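So the structure is just underneath, and the comments pick up after that.
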Amino acid sequence: MTPPPTSLAEPPIVTRTIPVPSAPVAAPRVTAPATATGGVLILAAILTVALNLRVAVTSLGPLLDEVRTGLGLSGAAAGFVTTLPTIAFAGVGALTPWLVRRFAAARVLVVAMLLLGVGQLLRIATDSSLVFVATSALALAGIAVANIMLPMLVKQHFPHRAGLVTGAYTTSLTLGTSVAAASAVPIAHAFGSWRAGLGVWAALALVAVLLWAPLALRAPRPVRRATATASSRIRPGRTRLGRAMALYFGLQSLSGYAVMGWLAQLFRDAGYHPQTAGLLLAGVTAAGVPVALVMPTMATRLRTLRPLVLVMSAASAASYVGLALAPHGGALAWVLLLAIGQGAFPLILATIGLRARTAAGTVALSGFAQSSGYVIAALGPLLVGLLYEQTGGWTAPIGFLLVALVGQTLAGLAIARPRYIEDELK
C-alpha cells in the first residue's frame, strides 16, 4: 500500500523513463488519493476548510445592528462592511492561481487559514471602525484563497467522484454558514457582547490549520516550470464560456451576499425578534443543505443544466416577491424558496469542474470566474444597503435583486451546454 500524496498542488509523480509532456497547453495530471486512508484524510481536510468559508460573514448579519451601535457605523458604512467579502474575494482570489503555481497547495491553505483565524480575533479586539474593517479584510483574504483552490483540489484528487465530493464540501460550507447565522446572537447574549458572537469562530480556522500543517510540512516545493507556464496560458477571460461563467457566478453571489448581509434585518423590520430573525437567516442555509448535497451530482449526470437553472431562478423570483409583499406571514415559505434558489452556488462550483478538462484549466477557470464574479457581487450588499437607507423600506432593494436575477438566468442558460474551456482557447 503506497502512502497518500504529500503535495496537493503537484501532479502525480512520474518515473524517469516517462517523458514529461511538452505540448504547449500541457496541464497537471489529475490524481486520485493513493490509499483509502489518504483519501479520507484529504477529504476531511477539504471539508474542514469548507466549514470555515462563510462563518466570518454570516455571523455578522444577525449582529449587524449591535456592531453598528458598538462601533458607530453609519448605514452606508454598514453596507460597505457587508460588501467587503466580495471585494476581498475578487482582489485576493485573482492572485490564487499565481500562488498555486509557486507554492504547495497545503502550505497556501495553512497560511490562508491562519489569516482567517488571526483576522477574526483581531477584529473583535478593537473599538475602531477602521481597524474592524481592516482586520475583517485580513480574515476574508484567507477565505478568498481557499475559495479558488477547492474546485482544483476536487478535480485533482477526486476526478471520478467530483460531483459527490463537490456536494460534500458545499454541504460543509452550507452547514458552517447556517450554524454561524443561527448561533451568533445566542452566543453574544450568553457572553454579554457581540464580540463573542463574532470571535468564537476563529477556533474553526485553528482546526483547519492543524489538519493541513502535516501535509504542508511534507509538501515539496513546486519546480515544474513547463506546467506552470502551461497553466498560465489558460486565459478564460478570452472565451465566451469564461465570461458567462463569471457573470453567472457574480450574479448568484450578488444575491447570496445581499441575503446574508440584510435578510436578518428585513425580518427584524417585519417585526421578528433579533434571535428569530437570525434563525430565519440560518433557515435559508439549513434548508439549502440537501440542495447543496445533491445539486453537484445532478449537474454531472444531466446532459444540459437548463432545467436546474430555470428551477432555481423561478424559486428565487417567487421568494423575492413574497418577501416584498408578506415578509412576516409567509416567512417560512420564502426561506424555503430562497434556499432552493441559492442552489445556484453549488451548481456553479460543480460547473467549474465540468467545464475544464484539466486541473490547470479548473484552477484558471475557478480563479477567473470567482475573482471577476465577486467584482459583480460586490454591488449587491452595497446597493441593497444604499437603497434601504434612502427609501426606508425593502421594495426597491428587492426590485434590484429581481433585475439581477434576470441577468443570472440568461448567463446560466449560456453555460448550460457541455463544453470545455481548453477547447475554446484553440
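The chains in the C-alpha cells are called A, B, ... from first to last as shown; in each chain the residues are counted from 1, and the ligands are counted from 1 in the order shown.
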
Near-Leu73 in chain A list (12 Å; only C-alpha atoms; drop same-chain fewer than 6 positions) as a PDB file with N, CA and C atoms, in the first residue's frame:
```pdb
ATOM      1  N   LEU A  64     -25.520  42.736  13.086  1.00  0.00           N
ATOM      2  CA  LEU A  64     -25.121  43.968  12.410  1.00  0.00           C
ATOM      3  C   LEU A  64     -25.560  45.218  13.163  1.00  0.00           C
ATOM      4  N   ASP A  65     -26.765  45.216  13.724  1.00  0.00           N
ATOM      5  CA  ASP A  65     -27.226  46.370  14.487  1.00  0.00           C
ATOM      6  C   ASP A  65     -26.335  46.622  15.709  1.00  0.00           C
ATOM      7  N   GLU A  66     -25.970  45.532  16.407  1.00  0.00           N
ATOM      8  CA  GLU A  66     -25.120  45.674  17.584  1.00  0.00           C
ATOM      9  C   GLU A  66     -23.717  46.176  17.211  1.00  0.00           C
ATOM     10  N   VAL A  67     -23.196  45.683  16.094  1.00  0.00           N
ATOM     11  CA  VAL A  67     -21.882  46.133  15.640  1.00  0.00           C
ATOM     12  C   VAL A  67     -21.946  47.599  15.216  1.00  0.00           C
ATOM     13  N   GLY A  79     -23.202  49.037   5.035  1.00  0.00           N
ATOM     14  CA  GLY A  79     -23.318  48.456   3.702  1.00  0.00           C
ATOM     15  C   GLY A  79     -21.962  48.083   3.133  1.00  0.00           C
ATOM     16  N   PHE A  80     -20.949  48.919   3.387  1.00  0.00           N
ATOM     17  CA  PHE A  80     -19.596  48.605   2.918  1.00  0.00           C
ATOM     18  C   PHE A  80     -19.052  47.364   3.615  1.00  0.00           C
ATOM     19  N   VAL A  81     -19.315  47.243   4.916  1.00  0.00           N
ATOM     20  CA  VAL A  81     -18.845  46.073   5.650  1.00  0.00           C
ATOM     21  C   VAL A  81     -19.455  44.798   5.070  1.00  0.00           C
ATOM     22  N   THR A  82     -20.736  44.844   4.716  1.00  0.00           N
ATOM     23  CA  THR A  82     -21.366  43.656   4.141  1.00  0.00           C
ATOM     24  C   THR A  82     -20.895  43.404   2.713  1.00  0.00           C
ATOM     25  N   ASP A 127     -12.012  48.963  19.131  1.00  0.00           N
ATOM     26  CA  ASP A 127     -13.163  49.862  19.176  1.00  0.00           C
ATOM     27  C   ASP A 127     -13.161  50.810  17.980  1.00  0.00           C
ATOM     28  N   SER A 128     -12.227  50.631  17.087  1.00  0.00           N
ATOM     29  CA  SER A 128     -12.105  51.485  15.907  1.00  0.00           C
ATOM     30  C   SER A 128     -12.801  50.840  14.721  1.00  0.00           C
ATOM     31  N   SER A 129     -13.665  51.603  14.070  1.00  0.00           N
ATOM     32  CA  SER A 129     -14.357  51.075  12.894  1.00  0.00           C
ATOM     33  C   SER A 129     -13.372  50.791  11.763  1.00  0.00           C
ATOM     34  N   LEU A 130     -12.329  51.614  11.614  1.00  0.00           N
ATOM     35  CA  LEU A 130     -11.343  51.404  10.558  1.00  0.00           C
ATOM     36  C   LEU A 130     -10.545  50.125  10.793  1.00  0.00           C
ATOM     37  N   PHE A 132     -11.565  47.582  12.539  1.00  0.00           N
ATOM     38  CA  PHE A 132     -12.515  46.486  12.348  1.00  0.00           C
ATOM     39  C   PHE A 132     -12.593  46.101  10.874  1.00  0.00           C
ATOM     40  N   VAL A 133     -12.684  47.097  10.009  1.00  0.00           N
ATOM     41  CA  VAL A 133     -12.756  46.829   8.570  1.00  0.00           C
ATOM     42  C   VAL A 133     -11.461  46.189   8.074  1.00  0.00           C
TER      43      VAL A 133
END
```

Residues near Ile421 in chain A, cut-off 7 Å, only C-alpha atoms, skip fewer than 6 positions along chain, as an MDAnalysis selection string:
chainID A and resid 236 241 355:356 361

Under the rule of at most 12 Å, produce a per-residue listing of range 321-380 of chain A near range 395-417 of chain A: chain, number, name, the closest pair of atoms, and the distance in Å, as a Markdown table, using only C-alpha atoms.
```
| residue | atom | partner | partner_atom | distance |
| --- | --- | --- | --- | --- |
| A:Val321 | CA | A:Ile398 | CA | 7.8 |
| A:Gly322 | CA | A:Ile398 | CA | 10.0 |
| A:Leu323 | CA | A:Ile398 | CA | 8.0 |
| A:Ala324 | CA | A:Thr395 | CA | 5.8 |
| A:Leu325 | CA | A:Thr395 | CA | 8.6 |
| A:Ala326 | CA | A:Thr395 | CA | 11.3 |
| A:Pro327 | CA | A:Thr395 | CA | 11.0 |
| A:Gly341 | CA | A:Leu405 | CA | 10.1 |
| A:Gln342 | CA | A:Leu405 | CA | 11.3 |
| A:Ala344 | CA | A:Gly412 | CA | 9.0 |
| A:Phe345 | CA | A:Gly412 | CA | 11.5 |
| A:Leu347 | CA | A:Gly412 | CA | 9.9 |
| A:Ile348 | CA | A:Gly412 | CA | 8.9 |
| A:Ala350 | CA | A:Ala416 | CA | 12.0 |
| A:Thr351 | CA | A:Ile415 | CA | 8.4 |
| A:Ile352 | CA | A:Ile415 | CA | 10.1 |
| A:Leu354 | CA | A:Ile415 | CA | 10.5 |
| A:Arg355 | CA | A:Ile415 | CA | 8.7 |
| A:Gly373 | CA | A:Gln408 | CA | 11.3 |
| A:Ile376 | CA | A:Ala404 | CA | 10.2 |
| A:Ala377 | CA | A:Ala404 | CA | 10.1 |
| A:Leu379 | CA | A:Ala404 | CA | 10.4 |
| A:Gly380 | CA | A:Leu401 | CA | 7.9 |
```

What does the distance from CA of Phe103 in chain A to CA of Ala88 in chain A come to in Å, to one decimal?
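Between CA of Phe103 in chain A and CA of Ala88 in chain A the gap is 20.9 Å.
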
Could you pull out the alpha helix (DSSP H) residues of range 286-374 of chain A from DSSP and send them as a PyMOL selection string?
chain A and resi 286-301+306-325+331-341+344-354+359-374

Can you tell me, as a list in words, what residues are no more than 10 Å from Pro346 in chain A when counting only C-alpha atoms, ignoring any on the same chain fewer than 3 positions away?
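So, after excluding close chain neighbours, the residues are Gly163, Thr166, Gly167, Tyr169, Thr170, Thr171, Leu173, Thr174, Gly288, Val291, Ala292, Leu293, Val294, Met295, Pro296, Thr297, Ala299, Gln342, Gly343, Leu349, Ala350 and Thr351 of chain A.
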
Just N, CA and C atoms for this one: save the residues we selected as a CSV table (one decimal), in the first residue's frame.
```csv
chain,number,residue,atom,x,y,z
A,163,GLY,N,-18.6,15.1,-8.5
A,163,GLY,CA,-19.9,15.6,-8.1
A,163,GLY,C,-20.1,15.3,-6.7
A,166,THR,N,-17.8,17.5,-4.4
A,166,THR,CA,-18.2,18.9,-4.5
A,166,THR,C,-19.5,19.1,-3.7
A,167,GLY,N,-20.4,18.1,-3.8
A,167,GLY,CA,-21.6,18.2,-2.9
A,167,GLY,C,-21.3,18.1,-1.5
A,169,TYR,N,-18.4,19.1,0.1
A,169,TYR,CA,-17.8,20.3,0.6
A,169,TYR,C,-18.7,21.5,0.5
A,170,THR,N,-19.6,21.6,-0.4
A,170,THR,CA,-20.6,22.7,-0.4
A,170,THR,C,-21.6,22.5,0.7
A,171,THR,N,-21.9,21.2,1.1
A,171,THR,CA,-22.8,20.9,2.2
A,171,THR,C,-22.0,21.4,3.5
A,173,LEU,N,-19.8,23.7,3.7
A,173,LEU,CA,-19.8,25.1,3.7
A,173,LEU,C,-21.2,25.7,4.2
A,174,THR,N,-22.2,25.0,3.7
A,174,THR,CA,-23.6,25.4,4.0
A,174,THR,C,-23.9,25.2,5.5
A,288,GLY,N,-30.9,24.7,2.6
A,288,GLY,CA,-30.1,24.5,1.5
A,288,GLY,C,-29.1,23.4,1.5
A,291,VAL,N,-30.0,20.6,-0.8
A,291,VAL,CA,-29.8,21.2,-2.2
A,291,VAL,C,-28.3,21.1,-2.5
A,292,ALA,N,-27.5,21.6,-1.6
A,292,ALA,CA,-26.1,21.6,-1.8
A,292,ALA,C,-25.5,20.2,-2.0
A,293,LEU,N,-26.1,19.3,-1.3
A,293,LEU,CA,-25.6,17.9,-1.4
A,293,LEU,C,-25.9,17.2,-2.7
A,294,VAL,N,-27.1,17.5,-3.3
A,294,VAL,CA,-27.5,16.7,-4.5
A,294,VAL,C,-27.2,17.5,-5.8
A,295,MET,N,-27.1,18.9,-5.7
A,295,MET,CA,-27.0,19.7,-6.9
A,295,MET,C,-25.8,19.3,-7.7
A,296,PRO,N,-24.6,19.2,-7.2
A,296,PRO,CA,-23.4,18.8,-8.0
A,296,PRO,C,-23.6,17.5,-8.7
A,297,THR,N,-24.1,16.5,-8.0
A,297,THR,CA,-24.3,15.2,-8.6
A,297,THR,C,-25.3,15.2,-9.7
A,299,ALA,N,-25.9,17.8,-11.5
A,299,ALA,CA,-25.2,18.6,-12.6
A,299,ALA,C,-24.3,17.6,-13.4
A,342,GLN,N,-30.9,29.5,-3.9
A,342,GLN,CA,-29.4,29.6,-3.6
A,342,GLN,C,-28.7,28.4,-4.0
A,343,GLY,N,-29.3,27.4,-4.5
A,343,GLY,CA,-28.7,26.2,-5.0
A,343,GLY,C,-27.8,26.6,-6.3
A,349,LEU,N,-20.2,25.9,-8.7
A,349,LEU,CA,-19.0,25.3,-8.2
A,349,LEU,C,-18.7,24.0,-9.0
A,350,ALA,N,-19.8,23.2,-9.1
A,350,ALA,CA,-19.7,21.9,-9.8
A,350,ALA,C,-19.4,22.2,-11.3
A,351,THR,N,-20.0,23.2,-11.9
A,351,THR,CA,-19.9,23.5,-13.3
A,351,THR,C,-18.4,23.9,-13.6
```

Pairwise distance for CA of Leu211 in chain A and CA of Ala112 in chain A, rounded to one decimal in Å:
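Going from CA of Leu211 in chain A over to CA of Ala112 in chain A, I get 13.0 Å.
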
Please provide as a PDB file with N, CA, C and O atoms, in the first residue's frame all residues within 8 Å of Leu116 in chain A, with the sequence filter that same-chain residues fewer than 6 positions apart are discarded (counting only C-alpha atoms).
```pdb
ATOM      1  N   LEU A 138      -8.467  41.146   6.434  1.00  0.00           N
ATOM      2  CA  LEU A 138      -7.415  40.152   6.624  1.00  0.00           C
ATOM      3  C   LEU A 138      -8.003  38.749   6.707  1.00  0.00           C
ATOM      4  O   LEU A 138      -7.511  37.807   6.055  1.00  0.00           O
ATOM      5  N   ALA A 139      -9.059  38.599   7.483  1.00  0.00           N
ATOM      6  CA  ALA A 139      -9.712  37.298   7.596  1.00  0.00           C
ATOM      7  C   ALA A 139     -10.298  36.851   6.263  1.00  0.00           C
ATOM      8  O   ALA A 139     -10.172  35.689   5.865  1.00  0.00           O
ATOM      9  N   LEU A 140     -10.913  37.794   5.569  1.00  0.00           N
ATOM     10  CA  LEU A 140     -11.561  37.462   4.297  1.00  0.00           C
ATOM     11  C   LEU A 140     -10.543  37.115   3.214  1.00  0.00           C
ATOM     12  O   LEU A 140     -10.865  36.367   2.285  1.00  0.00           O
ATOM     13  N   ALA A 141      -9.329  37.639   3.323  1.00  0.00           N
ATOM     14  CA  ALA A 141      -8.282  37.279   2.367  1.00  0.00           C
ATOM     15  C   ALA A 141      -7.987  35.783   2.435  1.00  0.00           C
ATOM     16  O   ALA A 141      -7.768  35.124   1.407  1.00  0.00           O
ATOM     17  N   GLY A 142      -7.969  35.241   3.645  1.00  0.00           N
ATOM     18  CA  GLY A 142      -7.766  33.805   3.786  1.00  0.00           C
ATOM     19  C   GLY A 142      -8.872  32.998   3.140  1.00  0.00           C
ATOM     20  O   GLY A 142      -8.630  31.985   2.476  1.00  0.00           O
ATOM     21  N   ILE A 143     -10.113  33.463   3.308  1.00  0.00           N
ATOM     22  CA  ILE A 143     -11.240  32.784   2.676  1.00  0.00           C
ATOM     23  C   ILE A 143     -11.127  32.850   1.161  1.00  0.00           C
ATOM     24  O   ILE A 143     -11.420  31.881   0.456  1.00  0.00           O
ATOM     25  N   ALA A 202     -13.025  31.750  15.264  1.00  0.00           N
ATOM     26  CA  ALA A 202     -11.595  31.605  14.989  1.00  0.00           C
ATOM     27  C   ALA A 202     -11.098  30.203  15.339  1.00  0.00           C
ATOM     28  O   ALA A 202     -10.113  29.722  14.773  1.00  0.00           O
ATOM     29  N   ALA A 205     -10.931  27.891  12.344  1.00  0.00           N
ATOM     30  CA  ALA A 205      -9.771  28.109  11.489  1.00  0.00           C
ATOM     31  C   ALA A 205      -8.548  27.402  12.059  1.00  0.00           C
ATOM     32  O   ALA A 205      -7.722  26.854  11.313  1.00  0.00           O
TER      33      ALA A 205
END
```
